[in-house]
$ cat model-v7.cif   # mmCIF, C-alpha atoms
data_start
#
loop_
_atom_site.label_atom_id
_atom_site.label_comp_id
_atom_site.auth_asym_id
_atom_site.auth_seq_id
_atom_site.Cartn_x
_atom_site.Cartn_y
_atom_site.Cartn_z
CA MET M 1 163.50 168.00 155.30
CA ILE M 2 162.91 164.56 156.64
CA SER M 3 160.26 164.50 159.35
CA ALA M 4 161.20 163.13 162.71
CA THR M 5 159.09 160.03 162.50
CA ILE M 6 161.96 157.71 162.76
CA ASN M 7 161.47 154.89 165.17
CA LYS M 8 162.28 151.26 165.42
CA ALA M 9 158.85 150.19 164.30
CA SER M 10 159.07 151.88 160.89
CA ILE M 11 159.59 149.22 158.28
CA THR M 12 160.96 150.11 154.90
CA LYS M 13 160.89 147.88 151.89
CA ASN M 14 164.64 147.45 152.23
CA SER M 15 164.64 146.19 155.82
CA CYS M 16 164.93 142.52 154.86
CA GLU M 17 168.15 143.05 152.93
CA SER M 18 171.56 142.52 154.46
CA ASP M 19 173.90 145.36 155.33
CA GLU M 20 176.13 144.52 152.37
CA GLU M 21 173.22 144.61 149.94
CA LEU M 22 172.05 147.93 151.33
CA ALA M 23 175.57 149.33 151.07
CA SER M 24 175.77 148.20 147.44
CA LEU M 25 172.44 149.89 146.73
CA ALA M 26 173.71 153.03 148.43
CA ARG M 27 176.78 152.92 146.19
CA SER M 28 174.55 152.85 143.17
CA GLY M 29 172.82 155.99 144.39
CA GLN M 30 169.88 154.74 146.42
CA ILE M 31 170.04 156.92 149.47
CA ARG M 32 167.03 155.23 151.08
CA ALA M 33 169.15 152.13 151.42
CA PHE M 34 171.68 154.10 153.41
CA ASP M 35 168.89 155.57 155.54
CA GLU M 36 168.02 152.04 156.57
CA LEU M 37 171.64 151.37 157.49
CA VAL M 38 171.63 154.47 159.71
CA ARG M 39 168.46 153.36 161.47
CA ARG M 40 169.81 149.85 162.01
CA HIS M 41 173.20 150.73 163.43
CA TRP M 42 172.75 154.11 165.08
CA ALA M 43 172.35 152.68 168.58
CA GLY M 44 175.17 150.16 168.15
CA ILE M 45 177.57 152.85 166.96
CA ARG M 46 176.61 155.13 169.86
CA ARG M 47 177.04 152.38 172.45
CA PHE M 48 180.42 151.56 170.88
CA LEU M 49 181.51 155.19 171.01
CA LEU M 50 180.49 155.58 174.66
CA GLY M 51 183.56 153.52 175.55
CA TYR M 52 185.73 156.33 174.15
CA LEU M 53 183.72 159.52 174.53
CA SER M 54 181.11 161.28 176.59
CA HIS M 55 177.42 161.16 175.68
CA SER M 56 177.28 164.43 173.80
CA ALA M 57 180.53 163.76 171.97
CA SER M 58 179.43 160.24 171.02
CA ASP M 59 176.27 161.73 169.55
CA ASP M 60 178.26 164.09 167.33
CA ILE M 61 180.77 161.46 166.35
CA ALA M 62 178.03 158.95 165.51
CA GLN M 63 176.56 161.51 163.12
CA GLU M 64 179.96 162.19 161.63
CA THR M 65 180.55 158.44 161.25
CA PHE M 66 177.52 157.94 159.05
CA LEU M 67 178.22 161.08 157.07
CA ARG M 68 181.78 159.96 156.46
CA ALA M 69 180.65 156.44 155.58
CA TYR M 70 178.15 157.77 153.02
CA ARG M 71 180.67 160.12 151.44
CA LYS M 72 183.22 157.30 151.18
CA ILE M 73 180.74 154.62 150.17
CA GLU M 74 182.55 154.11 146.87
CA GLN M 75 185.63 153.00 148.78
CA TYR M 76 183.69 150.26 150.52
CA ASP M 77 184.56 146.84 149.17
CA GLY M 78 181.24 145.09 148.62
CA THR M 79 182.78 141.65 149.06
CA ARG M 80 183.70 142.34 152.69
CA PRO M 81 181.31 142.82 155.62
CA PHE M 82 179.91 146.30 156.08
CA LEU M 83 179.81 146.51 159.86
CA PRO M 84 183.58 146.25 160.54
CA TRP M 85 184.14 149.00 157.95
CA LEU M 86 181.58 151.22 159.68
CA PHE M 87 183.00 150.59 163.14
CA THR M 88 186.53 151.28 161.88
CA ILE M 89 185.39 154.72 160.73
CA ALA M 90 183.67 155.30 164.09
CA ARG M 91 186.76 154.31 166.08
CA ARG M 92 189.09 156.51 164.03
CA LEU M 93 186.81 159.50 164.42
CA ALA M 94 186.60 158.86 168.16
CA LEU M 95 190.38 158.76 168.45
CA ASN M 96 190.67 161.95 166.39
CA GLU M 97 188.21 163.64 168.74
CA ILE M 98 190.19 162.51 171.78
CA ARG M 99 193.42 163.81 170.24
CA ARG M 100 191.76 167.09 169.38
CA LYS M 101 190.53 167.50 172.94
CA ASN M 102 193.94 166.60 174.34
CA ARG M 103 195.57 169.23 172.15
CA LYS M 104 193.12 171.78 173.47
CA ASN M 105 193.84 170.46 176.97
CA GLU M 106 190.22 169.61 177.47
CA VAL M 107 189.81 166.95 180.09
CA PHE M 108 187.60 164.09 179.10
CA LEU M 109 185.76 162.74 182.10
CA PRO M 110 183.69 159.76 181.06
CA ASP M 111 180.55 159.33 183.05
CA HIS M 112 181.50 156.45 185.35
CA SER M 113 179.20 157.30 188.26
CA PRO M 114 176.80 154.40 188.55
CA ASP M 115 174.48 156.31 190.84
CA LYS M 116 173.72 159.02 188.36
CA VAL M 117 170.17 159.04 187.10
CA SER M 118 170.35 158.22 183.46
CA GLU M 119 168.02 160.87 182.15
CA THR M 120 170.59 162.07 179.72
CA GLU M 121 171.52 158.53 178.70
CA PRO M 122 169.09 157.82 175.93
CA LEU M 123 170.28 154.32 175.19
CA SER M 124 169.42 151.35 177.32
CA PHE M 125 172.42 149.67 178.87
CA GLY M 126 172.44 146.32 180.55
CA PRO M 127 174.06 146.36 184.02
CA LEU M 128 176.94 144.11 182.98
CA TRP M 129 177.61 146.25 179.93
CA LYS M 130 177.52 149.33 182.09
CA LEU M 131 180.04 147.72 184.42
CA ALA M 132 182.19 146.80 181.46
CA LYS M 133 182.07 150.35 180.14
CA ASP M 134 183.11 151.72 183.52
CA GLN M 135 185.71 149.18 184.57
CA LEU M 136 187.47 148.20 181.36
CA SER M 137 189.75 150.16 179.07
CA ALA M 138 188.25 151.70 175.94
CA ASN M 139 189.80 149.06 173.66
CA ALA M 140 188.75 146.15 175.89
CA TYR M 141 185.18 147.45 176.09
CA ALA M 142 185.18 148.02 172.33
CA ALA M 143 186.42 144.46 171.72
CA LEU M 144 183.68 143.02 173.96
CA ARG M 145 181.05 145.19 172.32
CA LEU M 146 182.06 144.22 168.81
CA HIS M 147 182.42 140.49 169.49
CA TYR M 148 179.52 139.77 171.83
CA ALA M 149 176.99 142.49 171.03
CA GLU M 150 177.57 143.07 167.33
CA ASP M 151 178.61 139.44 166.59
CA LEU M 152 181.76 140.33 164.73
CA SER M 153 184.39 137.62 164.36
CA VAL M 154 187.69 137.92 166.21
CA GLU M 155 189.42 138.70 162.89
CA ASP M 156 187.03 141.56 162.19
CA VAL M 157 187.38 142.85 165.75
CA ALA M 158 191.16 142.78 165.38
CA ARG M 159 190.89 144.67 162.09
CA VAL M 160 188.65 147.35 163.60
CA LEU M 161 190.93 147.85 166.60
CA GLY M 162 194.07 147.70 164.52
CA LYS M 163 195.52 144.83 166.50
CA GLY M 164 196.60 141.28 165.81
CA LYS M 165 194.26 138.34 166.21
CA ILE M 166 196.16 136.88 169.18
CA ALA M 167 196.33 140.26 170.92
CA THR M 168 192.58 140.63 170.47
CA LYS M 169 191.95 137.19 171.93
CA VAL M 170 194.14 138.06 174.91
CA MET M 171 192.21 141.30 175.36
CA LEU M 172 188.88 139.47 175.29
CA HIS M 173 190.12 136.85 177.72
CA ARG M 174 191.33 139.49 180.19
CA ALA M 175 188.11 141.48 179.86
CA ARG M 176 186.00 138.40 180.60
CA LYS M 177 188.17 137.53 183.57
CA LYS M 178 187.89 141.01 184.99
CA LEU M 179 184.13 141.09 184.59
CA ALA M 180 183.88 137.68 186.26
CA SER M 181 185.85 138.99 189.23
CA CYS M 182 183.64 142.08 189.51
CA SER M 183 180.42 140.20 190.22
CA GLU M 184 180.15 141.66 193.73
CA GLN M 185 180.52 145.18 192.42
CA LEU M 186 177.93 144.37 189.79
CA LYS M 187 175.37 143.37 192.39
CA GLU M 188 176.01 146.33 194.64
CA ASN M 189 176.23 149.21 192.17
CA TYR M 190 174.63 148.21 188.92
CA GLU M 191 171.87 145.71 189.58
CA ASN M 192 170.49 147.21 192.73
CA PRO M 193 171.59 150.80 192.74
CA ALA M 194 170.70 152.70 195.84
CA MET U 1 199.56 126.65 179.35
CA LYS U 2 196.00 126.40 180.55
CA THR U 3 195.60 130.16 180.27
CA LEU U 4 197.10 130.13 176.79
CA ARG U 5 194.67 127.44 175.70
CA LYS U 6 191.81 129.43 177.16
CA ILE U 7 192.95 132.55 175.33
CA LEU U 8 193.26 130.73 172.03
CA GLY U 9 189.85 129.22 172.52
CA ILE U 10 191.10 125.66 172.65
CA ALA U 11 190.34 124.97 176.30
CA PRO U 12 186.80 125.26 177.62
CA LEU U 13 185.94 128.35 179.61
CA GLY U 14 185.29 128.29 183.31
CA ASP U 15 181.76 128.39 184.68
CA GLN U 16 182.00 131.96 185.79
CA GLU U 17 183.34 133.09 182.45
CA LYS U 18 180.59 131.21 180.66
CA LYS U 19 178.02 132.98 182.81
CA VAL U 20 179.60 136.33 182.01
CA LEU U 21 179.53 135.60 178.29
CA GLN U 22 175.96 134.44 178.34
CA ARG U 23 174.91 137.48 180.32
CA LEU U 24 176.70 139.84 177.95
CA ARG U 25 174.91 138.31 174.97
CA ASP U 26 171.52 138.35 176.69
CA GLU U 27 171.89 141.96 177.70
CA ALA U 28 172.96 142.93 174.19
CA LEU U 29 169.83 141.30 172.75
CA GLN U 30 167.70 143.00 175.37
CA GLU U 31 169.24 146.36 174.52
CA LYS U 32 168.42 145.92 170.85
CA ALA U 33 164.88 144.87 171.68
CA ASN U 34 164.38 147.84 173.97
CA ASP U 35 165.89 150.36 171.60
CA GLU U 36 163.51 153.24 171.32
CA PHE U 37 164.96 156.34 169.86
CA THR U 38 164.55 159.37 172.03
CA GLU U 39 163.78 162.78 170.64
CA SER U 40 167.42 163.70 170.60
CA ASP U 41 168.27 160.52 168.71
CA LYS U 42 165.55 161.15 166.17
CA THR U 43 166.73 164.69 165.66
CA ALA U 44 170.29 163.53 165.25
CA ILE U 45 169.34 160.85 162.76
CA SER U 46 167.19 163.19 160.70
CA ASP U 47 169.97 165.77 160.69
CA THR U 48 172.33 163.08 159.50
CA LEU U 49 170.04 161.99 156.72
CA ASN U 50 169.50 165.57 155.59
CA ALA U 51 173.21 166.17 155.55
CA LEU U 52 173.66 163.00 153.46
CA ARG U 53 171.37 164.39 150.81
CA GLU U 54 173.16 167.69 150.75
CA LYS U 55 176.73 166.45 150.61
CA GLY U 56 176.35 163.49 148.34
CA VAL U 57 178.81 160.78 147.58
CA GLU U 58 182.43 161.81 147.30
CA LYS U 59 184.09 160.81 144.05
CA HIS U 60 187.33 159.24 145.07
CA PRO U 61 190.06 160.85 142.94
CA SER U 62 192.20 157.75 142.92
CA MET U 63 189.43 155.58 141.50
CA PRO U 64 190.45 154.70 137.95
CA THR U 65 187.94 155.55 135.20
CA TRP U 66 189.26 152.82 132.98
CA TYR U 67 190.56 149.43 133.78
CA LEU U 68 193.10 147.28 131.99
CA SER U 69 192.53 143.58 132.35
CA PRO U 70 195.43 141.50 133.65
CA ASN U 71 195.72 139.55 130.40
CA TRP U 72 196.24 142.72 128.40
CA ALA U 73 198.76 143.98 130.93
CA ILE U 74 200.73 140.71 130.75
CA GLY U 75 200.63 140.77 126.96
CA LEU U 76 201.88 144.33 126.74
CA THR U 77 204.64 143.60 129.22
CA CYS U 78 205.80 140.56 127.20
CA LEU U 79 205.76 142.63 124.04
CA ALA U 80 207.84 145.36 125.64
CA CYS U 81 210.34 142.77 126.94
CA GLY U 82 210.56 141.23 123.48
CA PHE U 83 211.38 144.56 121.88
CA LEU U 84 213.99 145.25 124.53
CA ILE U 85 215.70 141.89 124.03
CA TYR U 86 215.62 142.30 120.24
CA PHE U 87 217.27 145.68 120.21
CA THR U 88 219.86 144.90 122.85
CA SER U 89 220.96 141.61 121.29
CA SER U 90 221.11 142.79 117.66
CA PRO U 91 224.58 142.86 115.89
CA ASN U 92 226.66 146.01 115.81
CA PRO U 93 224.93 148.59 113.75
CA PRO U 94 226.76 149.89 110.68
CA SER U 95 229.15 152.68 111.48
CA SER U 96 228.35 156.16 110.46
CA PRO U 97 230.45 157.98 107.89
CA LYS U 98 232.17 159.91 110.65
CA ASP U 99 233.27 156.66 112.31
CA GLN U 100 234.63 155.42 109.00
CA GLU U 101 236.82 158.46 108.69
CA THR U 102 238.45 157.89 112.02
CA ALA U 103 238.86 154.18 111.23
CA VAL U 104 240.77 155.02 108.05
CA LEU U 105 242.98 157.39 109.92
CA ALA U 106 243.76 154.80 112.55
CA SER U 107 244.79 152.18 110.06
CA ALA U 108 247.13 154.48 108.16
CA SER U 109 250.81 154.59 109.06
CA LEU U 110 252.02 157.06 111.59
CA ASN U 111 253.85 159.22 109.10
CA GLN U 112 250.92 159.34 106.79
CA ARG U 113 248.74 160.36 109.66
CA ILE U 114 251.10 163.08 110.67
CA GLN U 115 251.20 164.40 107.15
CA ASP U 116 247.44 164.40 106.98
CA LEU U 117 247.12 166.43 110.12
CA SER U 118 248.24 169.88 109.08
CA TRP U 119 248.45 171.32 112.58
CA THR U 120 251.37 169.04 113.40
CA GLU U 121 253.78 170.91 111.08
CA ASP U 122 254.54 173.52 113.68
CA VAL U 123 254.95 170.94 116.37
CA LEU U 124 257.21 168.71 114.38
CA GLY U 125 259.20 171.56 112.84
CA PHE U 126 262.27 170.88 114.96
CA GLU U 127 264.88 168.33 114.03
CA VAL U 128 264.85 165.17 115.96
CA PRO U 129 268.42 164.67 117.18
CA ALA U 130 270.05 161.51 116.02
CA ILE U 131 270.70 159.03 118.70
CA GLU U 132 274.00 157.22 118.63
CA GLY U 133 273.82 153.59 117.91
CA SER U 134 275.03 152.20 121.21
CA LEU U 135 272.70 154.44 123.16
CA ALA U 136 269.77 153.95 120.92
CA LEU U 137 269.75 150.23 121.08
CA PRO U 138 269.69 148.30 124.31
CA PRO U 139 272.63 146.02 124.99
CA VAL U 140 270.74 143.02 123.82
CA HIS U 141 273.46 140.40 123.89
CA GLU U 142 275.05 141.44 127.10
CA TRP U 143 271.94 141.33 129.23
CA ILE U 144 270.81 138.04 127.76
CA GLU U 145 274.16 136.30 128.23
CA LYS U 146 275.06 137.86 131.56
CA PRO U 147 271.91 139.07 133.12
CA LYS U 148 272.40 141.30 136.11
CA LEU U 149 269.15 141.11 137.88
CA GLU U 150 269.91 144.03 140.14
CA ASN U 151 270.44 146.26 137.10
CA LEU U 152 267.72 144.80 135.00
CA HIS U 153 265.35 147.60 135.82
CA THR U 154 267.75 150.09 134.23
CA ILE U 155 267.56 148.30 130.91
CA LEU U 156 263.93 147.40 130.67
CA PRO U 157 261.70 150.45 130.69
CA ILE U 158 258.71 148.39 131.73
CA SER U 159 260.27 147.31 134.98
CA SER U 160 261.28 150.85 135.78
CA SER U 161 257.75 152.00 135.09
CA LEU U 162 256.44 149.19 137.23
CA ALA U 163 258.86 150.05 139.98
CA PHE U 164 257.92 153.67 139.73
CA TYR U 165 254.25 152.77 139.90
CA GLU U 166 254.83 150.56 142.90
CA GLU U 167 256.74 153.27 144.60
CA ILE U 168 254.09 155.88 144.14
CA SER U 169 251.25 153.52 144.98
CA ARG U 170 252.83 152.46 148.23
CA PRO U 171 252.25 154.82 151.05
CA THR U 172 255.42 156.39 152.27
CA PHE U 173 256.11 155.77 155.86
CA PRO U 174 258.79 157.54 157.83
CA ARG U 175 261.88 155.50 158.10
CA ILE U 176 262.20 154.15 161.55
CA GLU U 177 265.46 152.69 162.54
CA ILE U 178 264.82 149.71 164.60
CA PRO U 179 267.68 149.20 166.98
CA GLN U 180 269.42 145.99 166.52
CA PHE U 181 269.57 144.03 169.67
CA GLY U 182 272.88 142.37 170.27
CA ASN U 183 275.42 141.56 172.86
CA LEU U 184 276.38 145.10 173.80
CA PRO U 185 279.12 144.29 176.32
CA LEU U 186 280.77 141.91 173.88
CA ASP U 187 280.59 144.46 171.13
CA TYR U 188 282.05 147.09 173.35
CA TYR U 189 284.81 144.69 174.42
CA LEU U 190 285.58 143.85 170.85
CA GLU U 191 285.67 147.47 169.90
CA GLU U 192 288.00 148.34 172.75
CA SER U 193 290.23 145.39 172.09
CA ASN U 194 290.59 146.40 168.47
CA ARG U 195 291.49 149.88 169.53
CA ILE U 196 294.12 148.62 171.99
CA LYS U 197 295.52 146.31 169.36
CA GLU U 198 295.93 149.17 167.00
CA ASP U 199 297.55 151.21 169.69
CA LEU U 200 300.02 148.45 170.46
CA GLN U 201 300.80 148.04 166.82
CA ASN U 202 301.58 151.70 166.63
CA ARG U 203 304.16 151.18 169.44
CA PHE U 204 302.77 153.52 171.93
CA ASP U 205 303.85 156.51 169.90
CA PHE U 206 300.67 158.27 170.56
CA MET U 207 301.00 157.73 174.33
CA VAL U 208 304.40 159.28 174.38
CA GLU U 209 303.10 162.21 172.52
CA SER U 210 300.15 162.54 174.76
CA ILE U 211 302.19 162.34 178.01
CA THR U 212 304.14 165.47 177.20
CA SER U 213 300.98 167.30 176.60
CA ILE U 214 299.34 166.29 179.84
CA ASP U 215 299.31 169.04 182.31
CA ILE U 216 298.44 167.78 185.71
CA GLY U 217 297.02 170.68 187.43
CA ILE U 218 298.16 170.00 190.97
CA GLU U 219 298.85 172.93 193.03
CA GLY U 220 300.39 172.30 196.22
#

$ encode --input "model-v7.cif" --output "structure tokens"
Amino acid sequence: MISATINKASITKNSCESDEELASLARSGQIRAFDELVRRHWAGIRRFLLGYLSHSASDDIAQETFLRAYRKIEQYDGTRPFLPWLFTIARRLALNEIRRKNRKNEVFLPDHSPDKVSETEPLSFGPLWKLAKDQLSANAYAALRLHYAEDLSVEDVARVLGKGKIATKVMLHRARKKLASCSEQLKENYENPA
Amino acid sequence: MKTLRKILGIAPLGDQEKKVLQRLRDEALQEKANDEFTESDKTAISDTLNALREKGVEKHPSMPTWYLSPNWAIGLTCLACGFLIYFTSSPNPPSSPKDQETAVLASASLNQRIQDLSWTEDVLGFEVPAIEGSLALPPVHEWIEKPKLENLHTILPISSSLAFYEEISRPTFPRIEIPQFGNLPLDYYLEESNRIKEDLQNRFDFMVESITSIDIGIEG
């Protein structure tokens, strides 16, 4: 049983290696390398999933994402970047969860209320990102998240979202435009909440 | 066009959009810097790591255990193609003894063949009636010297067969008599005039005969 002493400050001997190197080590059987990948990208995956799911569901799906990624690590092509592969798994699991809930007629109500005290929101969210999560569609928020927060290229973002490169660029352009037009709302509800 | 260039990243972004982008990036960096896992996150991560150790890596069934290099694959393919070409382009193989038997039979004369085949005795037991000379042979000289094209098909069996084939291959349509359009009044006039002419030539005999037979039914 691994003790719960996991925090950002813990440095492992593998922390200087790139994601691809860690994934290759994990393929060869070094599970500690994959542990480091989990620690690095847990928050990013959760913030990404919050565009699709609620907080509790994103927690479960984030766990499932890493489990699935570890089980399928042999399918990962070491010559390609690791992060788009991981986010592709996360997105597909999120969509499966949404479909499952729709089949059960469960209504998914994402937490869009800006006034709610974020005690249950463990992750820190910048006000503009919070606005983006609330105002944009799931795919548009995901595209912004992947391109500007996770520094993925437009090609990788398009691959994760299953769209063409031009369609992804259009999505990013529209998302930026919408955020630019929501500056008043940003000031009122997100920067200085009552 | 301006929007398209902006979308494609060719045209520079507006000031407001630039501010939005910069702010998004700054906030993302701030988020990563401020990331402190809460208790629930730590629990979730440790659960995940424990589960990883339990489940292990899945062996993908489609992963091949051996690998054939492309050069070997090309070589084997060329070899297979070579064998195929060799066997398909080789000369006719020697006939089997069974084929030789049938070849001998085919080359023999008809009578000899019939004699060899014992089962034909019953079939050919009847006498073939003799055909008279004139009927047996076609009228060679006559149809060469004075060919009657309309009767040619009766002489040449090939033409009759061809005609028969053409007849059966053509779909049979119901015969439709297409009325012939003509000058009906003139035809009628001609017909009547001919009739009158004949009557006149017959010297009105028929009229005399018909008058006596007319019974005018007038009752006064």

$ resolve_selection --input "model-v7.cif" --expression "the PyMOL selection byres ((chain M and resi 162-175) around 12)" --output "ChimeraX atom specification"
/M:84-85,87-89,91-92,128-129,131-148,153-161,176-182 /U:3-11,13-14,17-18,20-21,24

$ residues_near_point --input "model-v7.cif" --point "(188.5, 158.5, 172.0)" --cutoff "6 Å" --atoms "all atoms listed in the file" --output "list in words"
Tyr52, Leu53, Ala94, Leu95 and Ile98 of chain M

$ closest_residue --input "model-v7.cif" --among "U:Leu184, U:Leu84, U:Ile74, U:Leu29" --to "chain M" --atoms "all atoms listed in the file"
U:Leu29

$ atom_distance --input "model-v7.cif" --atom1 "CA of Ala23 in chain M" --atom2 "CA of Tyr70 in chain M"
9.0 Å

$ residues_near_point --input "model-v7.cif" --point "(174.3, 148.8, 171.3)" --cutoff "9 Å" --atoms "all atoms listed in the file" --output "number ranges by chain"
M: 41-48, 123-125, 145, 149-150; U: 28-29, 31-32, 35

$ atom_distance --input "model-v7.cif" --atom1 "CA of Gly75 in chain U" --atom2 "CA of Phe87 in chain U"
18.6 Å

$ closest_residue --input "model-v7.cif" --among "U:Ala163, U:Leu52, U:Cys81, U:Leu200" --to "chain M" --atoms "only C-alpha atoms"
U:Leu52

$ atom_distance --input "model-v7.cif" --atom1 "CA of Ala33 in chain U" --atom2 "CA of Gln16 in chain U"
25.7 Å

$ closest_residue --input "model-v7.cif" --among "M:Gly78, M:Leu83, M:Leu37, M:Ala90" --to "chain U" --atoms "all atoms listed in the file"
M:Leu37

$ closest_residue --input "model-v7.cif" --among "U:Asp15, U:Thr48, U:Asn183, U:Asn194" --to "chain M" --atoms "only C-alpha atoms"
U:Thr48

$ resolve_selection --input "model-v7.cif" --expression "the PyMOL selection byres ((chain M and resi 30) around 12)" --output "list of chain:residue names"
M:Asn14, M:Glu21, M:Leu22, M:Ala23, M:Ser24, M:Leu25, M:Ala26, M:Arg27, M:Ser28, M:Gly29, M:Ile31, M:Arg32, M:Ala33, M:Phe34, M:Asp35, M:Glu36, M:Leu37, M:Tyr70, M:Ile73, U:Leu52, U:Arg53, U:Gly56, U:Val57

$ write_last_selection --input "model-v7.cif" --atoms "C-alpha atoms" --output "PDB file, keeping the file's coordinate frame"
ATOM      1  CA  ASN M  14     164.640 147.450 152.230  1.00  0.00           C
ATOM      2  CA  GLU M  21     173.220 144.610 149.940  1.00  0.00           C
ATOM      3  CA  LEU M  22     172.050 147.930 151.330  1.00  0.00           C
ATOM      4  CA  ALA M  23     175.570 149.330 151.070  1.00  0.00           C
ATOM      5  CA  SER M  24     175.770 148.200 147.440  1.00  0.00           C
ATOM      6  CA  LEU M  25     172.440 149.890 146.730  1.00  0.00           C
ATOM      7  CA  ALA M  26     173.710 153.030 148.430  1.00  0.00           C
ATOM      8  CA  ARG M  27     176.780 152.920 146.190  1.00  0.00           C
ATOM      9  CA  SER M  28     174.550 152.850 143.170  1.00  0.00           C
ATOM     10  CA  GLY M  29     172.820 155.990 144.390  1.00  0.00           C
ATOM     11  CA  ILE M  31     170.040 156.920 149.470  1.00  0.00           C
ATOM     12  CA  ARG M  32     167.030 155.230 151.080  1.00  0.00           C
ATOM     13  CA  ALA M  33     169.150 152.130 151.420  1.00  0.00           C
ATOM     14  CA  PHE M  34     171.680 154.100 153.410  1.00  0.00           C
ATOM     15  CA  ASP M  35     168.890 155.570 155.540  1.00  0.00           C
ATOM     16  CA  GLU M  36     168.020 152.040 156.570  1.00  0.00           C
ATOM     17  CA  LEU M  37     171.640 151.370 157.490  1.00  0.00           C
ATOM     18  CA  TYR M  70     178.150 157.770 153.020  1.00  0.00           C
ATOM     19  CA  ILE M  73     180.740 154.620 150.170  1.00  0.00           C
TER      20      ILE M  73
ATOM     21  CA  LEU U  52     173.660 163.000 153.460  1.00  0.00           C
ATOM     22  CA  ARG U  53     171.370 164.390 150.810  1.00  0.00           C
ATOM     23  CA  GLY U  56     176.350 163.490 148.340  1.00  0.00           C
ATOM     24  CA  VAL U  57     178.810 160.780 147.580  1.00  0.00           C
TER      25      VAL U  57
END

$ resolve_selection --input "model-v7.cif" --expression "the PyMOL selection byres ((chain M and resi 65) around 8)" --output "tab-separated table (two decimals) with C-alpha atoms, in the frame of the given file"
chain	number	residue	atom	x	y	z
M	61	ILE	CA	180.77	161.46	166.35
M	62	ALA	CA	178.03	158.95	165.51
M	63	GLN	CA	176.56	161.51	163.12
M	64	GLU	CA	179.96	162.19	161.63
M	66	PHE	CA	177.52	157.94	159.05
M	67	LEU	CA	178.22	161.08	157.07
M	68	ARG	CA	181.78	159.96	156.46
M	69	ALA	CA	180.65	156.44	155.58
M	86	LEU	CA	181.58	151.22	159.68
M	89	ILE	CA	185.39	154.72	160.73
M	90	ALA	CA	183.67	155.30	164.09
M	93	LEU	CA	186.81	159.50	164.42

$ closest_residue --input "model-v7.cif" --among "M:Gly126, M:Ser183, M:Arg99, M:Leu152" --to "Gln30 in chain U" --atoms "only C-alpha atoms"
M:Gly126

$ closest_residue --input "model-v7.cif" --among "U:Ser89, U:Asn34, U:Thr77, U:Asn71" --to "chain M" --atoms "all atoms listed in the file"
U:Asn34

$ decode --input "model-v7.cif" --residues "range 192-203 of chain U" --atoms "C-alpha atoms" --output "PDB file, in the first residue's frame"
ATOM      1  CA  GLU U 192     -68.421   2.007-107.258  1.00  0.00           C
ATOM      2  CA  SER U 193     -67.580   2.916-110.805  1.00  0.00           C
ATOM      3  CA  ASN U 194     -66.167  -0.525-111.416  1.00  0.00           C
ATOM      4  CA  ARG U 195     -69.294  -2.054-110.028  1.00  0.00           C
ATOM      5  CA  ILE U 196     -71.518   0.103-112.250  1.00  0.00           C
ATOM      6  CA  LYS U 197     -69.391  -0.722-115.249  1.00  0.00           C
ATOM      7  CA  GLU U 198     -69.823  -4.375-114.607  1.00  0.00           C
ATOM      8  CA  ASP U 199     -73.515  -3.903-114.183  1.00  0.00           C
ATOM      9  CA  LEU U 200     -73.775  -2.068-117.485  1.00  0.00           C
ATOM     10  CA  GLN U 201     -71.774  -4.733-119.194  1.00  0.00           C
ATOM     11  CA  ASN U 202     -74.177  -7.292-117.911  1.00  0.00           C
ATOM     12  CA  ARG U 203     -77.016  -5.321-119.615  1.00  0.00           C
TER      13      ARG U 203
END
